[in-house]
$ cat model24.txt   # compact mmCIF, C-alpha atoms and all ligand atoms
# COMPACT_ATOMS: atom_id res chain seq x y z
CA MET F 6 54.00 124.66 68.21
CA THR F 7 55.38 124.98 64.68
CA THR F 8 59.16 124.80 65.05
CA LEU F 9 61.02 125.62 61.90
CA SER F 10 64.22 123.74 61.13
CA PRO F 11 66.95 123.56 62.29
CA ALA F 12 65.05 122.33 65.33
CA ALA F 13 68.02 122.61 67.67
CA ALA F 14 68.74 126.30 66.94
CA PRO F 15 67.56 128.70 69.65
CA ALA F 16 64.53 130.75 68.68
CA ALA F 17 65.05 134.38 67.72
CA VAL F 18 61.35 134.99 68.16
CA ARG F 19 58.71 132.71 69.62
CA LEU F 20 54.94 133.09 69.55
CA THR F 21 53.02 130.91 71.99
CA ALA F 22 49.26 130.49 71.58
CA ILE F 23 48.83 134.00 70.20
CA SER F 24 45.34 135.29 69.53
CA LYS F 25 44.40 138.76 68.40
CA THR F 26 40.85 140.06 68.31
CA TYR F 27 40.00 143.53 67.04
CA GLY F 28 36.92 145.20 68.49
CA LYS F 29 34.34 143.81 70.90
CA GLY F 30 31.03 142.01 70.72
CA ALA F 31 29.19 141.18 67.52
CA GLY F 32 31.45 143.28 65.32
CA SER F 33 34.72 141.81 66.61
CA VAL F 34 37.23 140.21 64.24
CA ALA F 35 39.49 137.31 65.27
CA ALA F 36 42.58 138.14 63.19
CA LEU F 37 44.87 135.50 64.78
CA LYS F 38 43.69 132.32 66.46
CA ASP F 39 46.00 130.28 68.68
CA VAL F 40 49.16 130.77 66.61
CA SER F 41 52.34 129.14 67.93
CA VAL F 42 55.66 129.22 66.10
CA ALA F 43 59.35 129.34 66.94
CA ILE F 44 61.57 131.08 64.39
CA PRO F 45 65.20 129.94 64.65
CA ARG F 46 68.12 132.38 64.70
CA GLY F 47 69.81 132.86 61.37
CA SER F 48 66.80 131.76 59.31
CA PHE F 49 64.76 133.46 56.59
CA THR F 50 60.98 133.04 56.97
CA ALA F 51 58.32 134.29 54.58
CA VAL F 52 54.72 134.74 55.73
CA MET F 53 52.05 134.33 53.08
CA GLY F 54 48.30 133.96 52.94
CA PRO F 55 45.19 135.38 51.32
CA SER F 56 44.18 138.97 51.92
CA GLY F 57 42.81 139.31 55.46
CA SER F 58 44.40 136.05 56.67
CA GLY F 59 46.30 137.85 59.45
CA LYS F 60 49.80 138.43 57.98
CA SER F 61 50.16 142.05 59.10
CA THR F 62 48.68 141.24 62.50
CA PHE F 63 51.18 138.38 62.84
CA LEU F 64 54.07 140.68 61.96
CA HIS F 65 52.90 143.44 64.29
CA CYS F 66 52.49 141.06 67.24
CA ALA F 67 55.82 139.30 66.57
CA ALA F 68 57.66 142.63 66.30
CA GLY F 69 56.17 144.21 69.42
CA LEU F 70 54.25 146.80 67.41
CA ASP F 71 50.94 145.53 68.75
CA HIS F 72 49.80 143.56 71.80
CA PRO F 73 48.16 140.19 71.23
CA SER F 74 44.84 139.63 72.99
CA ALA F 75 46.16 136.35 74.43
CA GLY F 76 49.36 134.33 74.37
CA ALA F 77 53.03 135.26 74.71
CA VAL F 78 55.73 136.65 72.41
CA HIS F 79 59.40 136.13 73.26
CA LEU F 80 62.25 137.93 71.56
CA GLY F 81 65.16 135.69 72.51
CA GLU F 82 64.62 135.19 76.24
CA THR F 83 62.62 138.41 76.66
CA ASP F 84 58.89 138.11 77.26
CA LEU F 85 57.16 141.05 75.56
CA SER F 86 53.80 140.39 77.22
CA GLY F 87 54.00 142.67 80.25
CA MET F 88 55.91 145.49 78.58
CA ASN F 89 54.47 149.00 78.36
CA GLU F 90 54.78 151.19 75.25
CA THR F 91 57.96 152.93 76.42
CA ALA F 92 59.73 149.63 77.07
CA LEU F 93 58.51 148.21 73.76
CA THR F 94 59.71 151.28 71.85
CA LYS F 95 63.18 150.90 73.38
CA LEU F 96 63.22 147.18 72.63
CA ARG F 97 62.21 147.75 69.01
CA ARG F 98 64.86 150.44 68.59
CA ARG F 99 67.67 148.31 69.99
CA ARG F 100 66.79 144.77 69.05
CA ILE F 101 64.51 144.81 65.98
CA GLY F 102 64.95 146.11 62.44
CA PHE F 103 62.11 147.05 60.09
CA VAL F 104 61.91 147.35 56.32
CA PHE F 105 58.64 148.45 54.76
CA GLN F 106 57.25 148.66 51.24
CA ALA F 107 57.53 152.45 51.35
CA PHE F 108 61.19 153.05 52.14
CA ASN F 109 60.38 155.61 54.87
CA LEU F 110 63.61 157.56 54.49
CA VAL F 111 64.02 161.15 55.63
CA PRO F 112 64.36 163.15 52.36
CA ALA F 113 66.46 165.97 53.84
CA LEU F 114 69.09 163.61 55.26
CA THR F 115 71.95 161.96 53.38
CA VAL F 116 72.24 158.20 53.06
CA GLU F 117 74.69 158.09 55.96
CA GLN F 118 72.50 160.31 58.14
CA ASN F 119 69.46 158.14 57.38
CA VAL F 120 71.36 154.97 58.21
CA THR F 121 72.72 156.35 61.47
CA LEU F 122 69.33 157.69 62.58
CA PRO F 123 68.73 154.75 64.96
CA PHE F 124 71.90 155.68 66.87
CA ARG F 125 70.79 159.29 67.14
CA LEU F 126 67.30 158.30 68.31
CA ALA F 127 68.81 156.02 70.95
CA GLY F 128 71.36 158.67 71.95
CA SER F 129 74.19 156.23 71.38
CA LYS F 130 77.53 156.56 69.61
CA VAL F 131 77.79 155.57 65.94
CA ASP F 132 79.93 152.48 65.39
CA ARG F 133 81.83 153.88 62.37
CA ASP F 134 83.50 150.59 61.40
CA TRP F 135 80.23 148.71 61.41
CA LEU F 136 78.51 151.56 59.53
CA ALA F 137 81.15 151.35 56.79
CA GLU F 138 80.79 147.57 56.67
CA VAL F 139 76.99 147.76 56.40
CA LEU F 140 77.12 150.40 53.65
CA ARG F 141 79.63 148.26 51.76
CA ARG F 142 77.49 145.14 52.11
CA VAL F 143 74.38 146.85 50.75
CA GLY F 144 76.44 148.34 47.89
CA LEU F 145 76.15 151.99 48.93
CA ALA F 146 79.67 152.77 50.12
CA ASP F 147 80.05 155.39 47.37
CA ARG F 148 76.61 156.94 47.97
CA ALA F 149 76.94 157.92 51.62
CA ARG F 150 76.63 161.67 50.91
CA HIS F 151 73.69 161.40 48.49
CA ARG F 152 70.11 162.18 49.40
CA PRO F 153 67.24 159.70 48.84
CA ALA F 154 65.84 161.69 45.86
CA GLU F 155 69.13 161.12 44.04
CA LEU F 156 68.79 157.34 44.33
CA SER F 157 66.78 154.69 42.49
CA GLY F 158 63.98 152.81 44.28
CA GLY F 159 66.22 149.77 44.76
CA GLN F 160 69.01 151.93 46.18
CA GLN F 161 66.54 153.61 48.54
CA GLN F 162 65.42 150.22 49.82
CA ARG F 163 69.11 149.33 50.33
CA VAL F 164 69.40 152.42 52.53
CA ALA F 165 66.38 151.23 54.52
CA ILE F 166 67.96 147.78 54.88
CA ALA F 167 71.26 149.33 55.99
CA ARG F 168 69.37 151.43 58.54
CA ALA F 169 67.65 148.28 59.80
CA LEU F 170 70.94 146.33 60.02
CA VAL F 171 73.12 149.00 61.59
CA THR F 172 71.89 148.28 65.13
CA ARG F 173 72.67 144.54 64.65
CA PRO F 174 69.01 143.60 65.29
CA GLU F 175 68.09 140.14 66.51
CA VAL F 176 65.32 140.02 63.90
CA LEU F 177 64.76 142.02 60.74
CA PHE F 178 61.04 142.23 59.91
CA GLY F 179 59.99 143.07 56.36
CA ASP F 180 56.46 144.10 55.38
CA GLU F 181 56.29 143.64 51.59
CA PRO F 182 59.85 145.01 51.25
CA THR F 183 59.83 144.48 47.48
CA GLY F 184 56.21 145.51 46.92
CA ALA F 185 57.13 148.86 45.34
CA LEU F 186 59.98 147.59 43.15
CA ASP F 187 60.18 146.25 39.60
CA THR F 188 60.95 142.53 39.17
CA VAL F 189 64.68 142.90 38.52
CA THR F 190 65.25 145.31 41.41
CA ALA F 191 63.08 143.16 43.68
CA LYS F 192 65.35 140.18 43.00
CA GLU F 193 68.42 142.23 43.90
CA ILE F 194 66.84 143.25 47.20
CA LEU F 195 65.76 139.66 47.94
CA GLY F 196 69.30 138.49 47.15
CA LEU F 197 70.60 141.08 49.59
CA LEU F 198 68.22 139.91 52.33
CA ARG F 199 69.25 136.32 51.62
CA SER F 200 72.93 137.23 51.93
CA THR F 201 72.34 138.89 55.32
CA VAL F 202 71.03 135.50 56.49
CA ASP F 203 73.78 133.43 54.85
CA GLU F 204 76.73 135.70 55.59
CA MET F 205 75.74 137.60 58.75
CA ARG F 206 73.46 134.97 60.34
CA GLN F 207 70.72 137.62 60.39
CA THR F 208 67.20 136.40 61.17
CA VAL F 209 64.67 137.70 58.63
CA VAL F 210 60.86 137.45 58.77
CA MET F 211 59.08 138.88 55.75
CA VAL F 212 55.42 139.23 54.80
CA THR F 213 54.89 139.01 51.07
CA HIS F 214 52.22 138.38 48.44
CA ASP F 215 54.80 137.28 45.88
CA PRO F 216 55.68 133.56 45.49
CA VAL F 217 59.03 134.49 43.89
CA ALA F 218 59.91 136.61 46.93
CA ALA F 219 58.80 133.80 49.25
CA SER F 220 61.05 131.35 47.39
CA TYR F 221 64.13 133.18 48.75
CA ALA F 222 63.14 132.10 52.27
CA ASP F 223 64.14 128.90 54.07
CA THR F 224 60.54 128.35 55.12
CA VAL F 225 57.17 129.77 54.15
CA LEU F 226 54.45 130.01 56.79
CA PHE F 227 50.98 130.00 55.24
CA LEU F 228 48.24 131.75 57.15
CA ALA F 229 44.57 131.24 56.43
CA ASP F 230 41.76 132.73 58.48
CA GLY F 231 44.08 133.62 61.35
CA ARG F 232 45.82 130.24 61.68
CA ILE F 233 49.10 128.77 60.43
CA VAL F 234 47.91 126.07 58.05
CA GLU F 235 51.29 125.00 56.69
CA SER F 236 55.00 125.46 57.15
CA MET F 237 56.77 124.77 53.82
CA PRO F 238 60.53 124.15 53.93
CA ALA F 239 62.73 124.68 50.84
CA PRO F 240 60.03 126.60 48.94
CA THR F 241 60.04 127.15 45.20
CA ALA F 242 57.96 129.85 43.53
CA ASP F 243 55.85 127.17 41.81
CA LYS F 244 55.15 125.22 44.99
CA VAL F 245 54.24 128.43 46.84
CA ALA F 246 51.95 129.61 44.03
CA GLU F 247 50.24 126.22 43.95
CA ARG F 248 49.67 126.26 47.72
CA MET F 249 48.29 129.80 47.53
CA THR F 250 45.83 128.65 44.87
CA THR F 251 44.56 125.88 47.16
CA LEU F 252 44.04 128.51 49.86
CA GLY F 253 41.79 130.34 47.44
CA ALA F 254 44.09 133.32 47.37
CA TRP F 255 43.77 133.99 43.67
CA SER F 256 40.41 132.45 42.90
N1 LIG I 1 42.65 147.72 63.31
C1 LIG I 1 41.76 146.80 62.94
N2 LIG I 1 40.48 146.83 63.36
C2 LIG I 1 39.60 145.89 63.01
N3 LIG I 1 39.88 144.83 62.21
C3 LIG I 1 41.14 144.74 61.76
C4 LIG I 1 42.14 145.71 62.08
N4 LIG I 1 43.30 145.35 61.47
C5 LIG I 1 43.02 144.20 60.80
N5 LIG I 1 41.74 143.84 60.97
C6 LIG I 1 41.08 142.63 60.42
O1 LIG I 1 41.82 141.51 60.84
C7 LIG I 1 41.92 140.54 59.79
C8 LIG I 1 43.40 140.30 59.47
O2 LIG I 1 43.96 141.50 58.94
P1 LIG I 1 45.47 141.62 58.47
O3 LIG I 1 45.69 143.03 58.04
O4 LIG I 1 46.36 141.06 59.52
O5 LIG I 1 45.49 140.63 57.21
P2 LIG I 1 46.56 140.51 56.02
O6 LIG I 1 46.71 139.06 55.77
O7 LIG I 1 47.78 141.29 56.37
O8 LIG I 1 45.79 141.20 54.82
P3 LIG I 1 46.34 141.95 53.48
O9 LIG I 1 47.08 140.89 52.71
O10 LIG I 1 45.08 142.36 52.79
O11 LIG I 1 47.21 143.08 53.94
C9 LIG I 1 41.13 141.11 58.62
O12 LIG I 1 39.83 140.57 58.67
C10 LIG I 1 41.10 142.60 58.91
O13 LIG I 1 39.97 143.20 58.35

$ encode --input "model24.txt" --output "structure tokens"
Amino acid sequence: MTTLSPAAAPAAVRLTAISKTYGKGAGSVAALKDVSVAIPRGSFTAVMGPSGSGKSTFLHCAAGLDHPSAGAVHLGETDLSGMNETALTKLRRRRIGFVFQAFNLVPALTVEQNVTLPFRLAGSKVDRDWLAEVLRRVGLADRARHRPAELSGGQQQRVAIARALVTRPEVLFGDEPTGALDTVTAKEILGLLRSTVDEMRQTVVMVTHDPVAASYADTVLFLADGRIVESMPAPTADKVAERMTTLGAWS
């Protein structure tokens, strides 16, 4: 089991001997092979690896978007293994936040309506104080009545982050959250994700291809051919890029 520091912190999400195989028989693909890792609460983890190494599969299994073929996933104390789709959907809505490369906002809704969508989907009351706090933290307090088309790409991703944070998720999963942004804007968004970890004790797990993005994390997990081949603490962009080169990622 790869346990990321601090070792004593309880795990926000724990994968135990996860395998994922797509398809059957001769054409089957083993996308994850016996992956075990415990991700501590309040930590920022980046997941890197060559194309096809299993990053998306890892994220989907860890976030309850897909069922592993073998092994167990725990979100806090909750075992996701036996859950049906309805239970998993509810769990994702209440306890997990997602930020994707494409911001996935609803164009017809205002910033505030987009951010409060998770409450409406869950049929629960909007926590107005927390909403105001989240909008302030992501720097959109004065944009609440604007629509996505009136915002820059970076601002749109801030809306998506606010929407992910507003339910106080136990883990925020990012799938290339800066993949569609220019370098300067990407750094702003990464700084924002970092501050959610440092100031709100948010747990963040992010798949990325970018060593600079990965350097904002506390730890980088490197996947190769469906296995975790290294867990790098205190990453720098140079160290990450060098490790990726040895994995053959850019050869
Ligand atoms: N639905 C699927 N059916 C069959 N094979 C799949 C499916 N999804 C992924 N795979 C295969 O599983 C392996 C891991 O894929 P995955 O998308 O997790 O890798 P990745 O590291 O995220 O890649 P990339 O960086 O290119 O997005 C690859 O060989 C891929 O072709």

$ closest_residue --input "model24.txt" --among "F:Ala165, F:Leu170, F:Ala77, F:Ala246" --to "F:Val202" --atoms "all atoms listed in the file"
F:Leu170

$ residues_near_ligand --input "model24.txt" --ligand "ligand LIG 1 (chain I)" --cutoff "6 Å" --atoms "only C-alpha atoms and all ligand atoms" --output "number ranges by chain"
F: 27, 34, 36, 55-62

$ residues_around --input "model24.txt" --residues "stretch 149-159 of chain F" --least-positions-apart "5" --cutoff "9 Å" --atoms "only C-alpha atoms" --output "list in words"
Phe108, Leu110, Val111, Pro112, Ala113, Leu114, Thr115, Val116, Glu117, Gln118, Asn119, Leu140, Val164, Thr183, Ala185, Leu186, Asp187, Thr190, Ala191, Glu193 and Ile194 of chain F

$ atom_distance --input "model24.txt" --atom1 "atom CA of F:Arg97" --atom2 "atom CA of F:Met237"
28.1 Å

$ residues_near_point --input "model24.txt" --point "(60.9, 135.8, 45.3)" --cutoff "8 Å" --atoms "only C-alpha atoms" --output "compact mmCIF listing (two decimals) with C-alpha atoms, keeping the file's coordinate frame"
# COMPACT_ATOMS: atom_id res chain seq x y z
CA ALA F 191 63.08 143.16 43.68
CA LYS F 192 65.35 140.18 43.00
CA LEU F 195 65.76 139.66 47.94
CA ASP F 215 54.80 137.28 45.88
CA PRO F 216 55.68 133.56 45.49
CA VAL F 217 59.03 134.49 43.89
CA ALA F 218 59.91 136.61 46.93
CA ALA F 219 58.80 133.80 49.25
CA SER F 220 61.05 131.35 47.39
CA TYR F 221 64.13 133.18 48.75
CA ALA F 242 57.96 129.85 43.53
